[in-house]
Amino acid sequence: MRLALQIDTNNSIFETLKTKKLEKEYAAFLAEHIVSRLRTVVRRQLYNWSPLSKTWKAYKKEMGLSTKIWIASGQLIQSVKFWYSARDKAWIVGVHPRLLHKKYKKGGIYSTVKTKVKIIYIIRKLEYGNLRTPPRPLFTKVFDEFRYNQSFWVKKFLSDHK
């Protein structure tokens, strides 16, 4: 189970992209821009998310971590990558499902000490919320931005590749 966007090159919008080689280049181009947008949204706090709880915000301050939403040590957003999946025959934007979260220490994180918590579980909790945490959608909103603006991205890609 993964929280990821598969870039489907089999839809009608790709008719303008004549060759398979161009379709793959476009999918890689789009994946790179999606990852960049995810990082920009988090870094600049562009979405209007529910505020952090007083307890969590105090803990983050005490540990010397960022008090921004979606950022504590930067591990989550830095773990977002894009790759080509031969099995799916598609470019994937997401987080590796087995990647473990590193342990916090005052002033940051341990470089080698990992918790038993998978980063994907933390991302899911932030994205969808749970009984104690309100949802703070990031991936859903960014994926939708790209999904609904596909013609813009195809035109941008084609203009960059003249």
# chains A, B, ... in the order shown; residues from 1 in each chain; ligands from 1
>>> select_by_dssp(residues="chain A", states="strand (DSSP E or B)", output="ChimeraX atom specification")
/A:4-7,81-85,90-94,100-105,108-118
>>> write_last_selection(atoms="C-alpha atoms", output="PDB file, in the first residue's frame")
ATOM      1  CA  ALA A   4       1.763   7.822  -4.620  1.00  0.00           C
ATOM      2  CA  LEU A   5       0.689   9.204  -7.951  1.00  0.00           C
ATOM      3  CA  GLN A   6       1.178   7.058 -11.002  1.00  0.00           C
ATOM      4  CA  ILE A   7       1.582   9.191 -14.107  1.00  0.00           C
ATOM      5  CA  LYS A  81      11.046  11.025  -4.699  1.00  0.00           C
ATOM      6  CA  PHE A  82      10.094  10.047  -8.213  1.00  0.00           C
ATOM      7  CA  TRP A  83      11.139   6.871  -9.985  1.00  0.00           C
ATOM      8  CA  TYR A  84      10.271   4.703 -12.933  1.00  0.00           C
ATOM      9  CA  SER A  85       8.540   1.456 -12.062  1.00  0.00           C
ATOM     10  CA  ALA A  90       4.938   4.264 -15.188  1.00  0.00           C
ATOM     11  CA  TRP A  91       6.662   7.047 -13.305  1.00  0.00           C
ATOM     12  CA  ILE A  92       5.737   7.116  -9.622  1.00  0.00           C
ATOM     13  CA  VAL A  93       5.812  10.086  -7.249  1.00  0.00           C
ATOM     14  CA  GLY A  94       5.769   9.117  -3.590  1.00  0.00           C
ATOM     15  CA  LEU A 100      12.020   4.344   8.368  1.00  0.00           C
ATOM     16  CA  HIS A 101      11.821   7.630  10.270  1.00  0.00           C
ATOM     17  CA  LYS A 102      14.997   8.747  12.069  1.00  0.00           C
ATOM     18  CA  LYS A 103      14.844   9.440  15.786  1.00  0.00           C
ATOM     19  CA  TYR A 104      14.659  13.030  17.065  1.00  0.00           C
ATOM     20  CA  LYS A 105      17.260  14.525  19.371  1.00  0.00           C
ATOM     21  CA  GLY A 108      17.463  17.765  15.004  1.00  0.00           C
ATOM     22  CA  ILE A 109      17.719  14.065  14.251  1.00  0.00           C
ATOM     23  CA  TYR A 110      20.191  11.250  14.757  1.00  0.00           C
ATOM     24  CA  SER A 111      21.927  10.497  11.476  1.00  0.00           C
ATOM     25  CA  THR A 112      21.911   6.732  11.966  1.00  0.00           C
ATOM     26  CA  VAL A 113      19.364   5.928  14.711  1.00  0.00           C
ATOM     27  CA  LYS A 114      15.992   5.046  13.212  1.00  0.00           C
ATOM     28  CA  THR A 115      12.657   4.430  14.864  1.00  0.00           C
ATOM     29  CA  LYS A 116      10.426   1.519  13.928  1.00  0.00           C
ATOM     30  CA  VAL A 117       7.948   3.946  12.358  1.00  0.00           C
ATOM     31  CA  LYS A 118       7.692   4.010   8.582  1.00  0.00           C
TER      32      LYS A 118
END
>>> residues_around(residues="region 40-57 of chain A", least_positions_apart="4", cutoff="8 Å", atoms="only C-alpha atoms", output="PyMOL selection string")
chain A and resi 36+61+67-71+77+134-138
>>> write_last_selection(atoms="C-alpha atoms", output="PDB file, in the first residue's frame")
ATOM      1  CA  SER A  36       9.296  20.294  -6.593  1.00  0.00           C
ATOM      2  CA  LYS A  61      10.224  23.953  20.062  1.00  0.00           C
ATOM      3  CA  THR A  67       7.271  24.457  14.120  1.00  0.00           C
ATOM      4  CA  LYS A  68       5.921  24.506  10.564  1.00  0.00           C
ATOM      5  CA  ILE A  69       3.241  22.034   9.511  1.00  0.00           C
ATOM      6  CA  TRP A  70       4.598  19.028   7.551  1.00  0.00           C
ATOM      7  CA  ILE A  71       8.113  19.854   8.782  1.00  0.00           C
ATOM      8  CA  ILE A  77       9.442  16.030   2.488  1.00  0.00           C
ATOM      9  CA  PRO A 134      -7.015  16.770  11.796  1.00  0.00           C
ATOM     10  CA  PRO A 135      -6.230  16.035   8.141  1.00  0.00           C
ATOM     11  CA  ARG A 136      -3.665  18.311   6.546  1.00  0.00           C
ATOM     12  CA  PRO A 137      -3.843  17.298   2.873  1.00  0.00           C
ATOM     13  CA  LEU A 138      -0.713  17.945   0.843  1.00  0.00           C
TER      14      LEU A 138
END
>>> residues_around(residues="Leu30 (chain A)", least_positions_apart="2", cutoff="10 Å", atoms="only C-alpha atoms", output="number ranges by chain")
A: 7, 24-28, 32-36, 82, 91, 93, 146, 150, 153-154, 157
>>> atom_distance(atom1="CA of Gln78 (chain A)", atom2="CA of Phe29 (chain A)")
18.5 Å
>>> select_by_dssp(residues="chain A", states="helix (DSSP H, G or I)", output="PyMOL selection string")
chain A and resi 12-16+20-44+54-63+75-78+119-128+139-148+150-160
>>> closest_residue(among="A:Phe152, A:Gly107, A:Leu22, A:His161", to="Tyr59 (chain A)", atoms="only C-alpha atoms")
A:Gly107
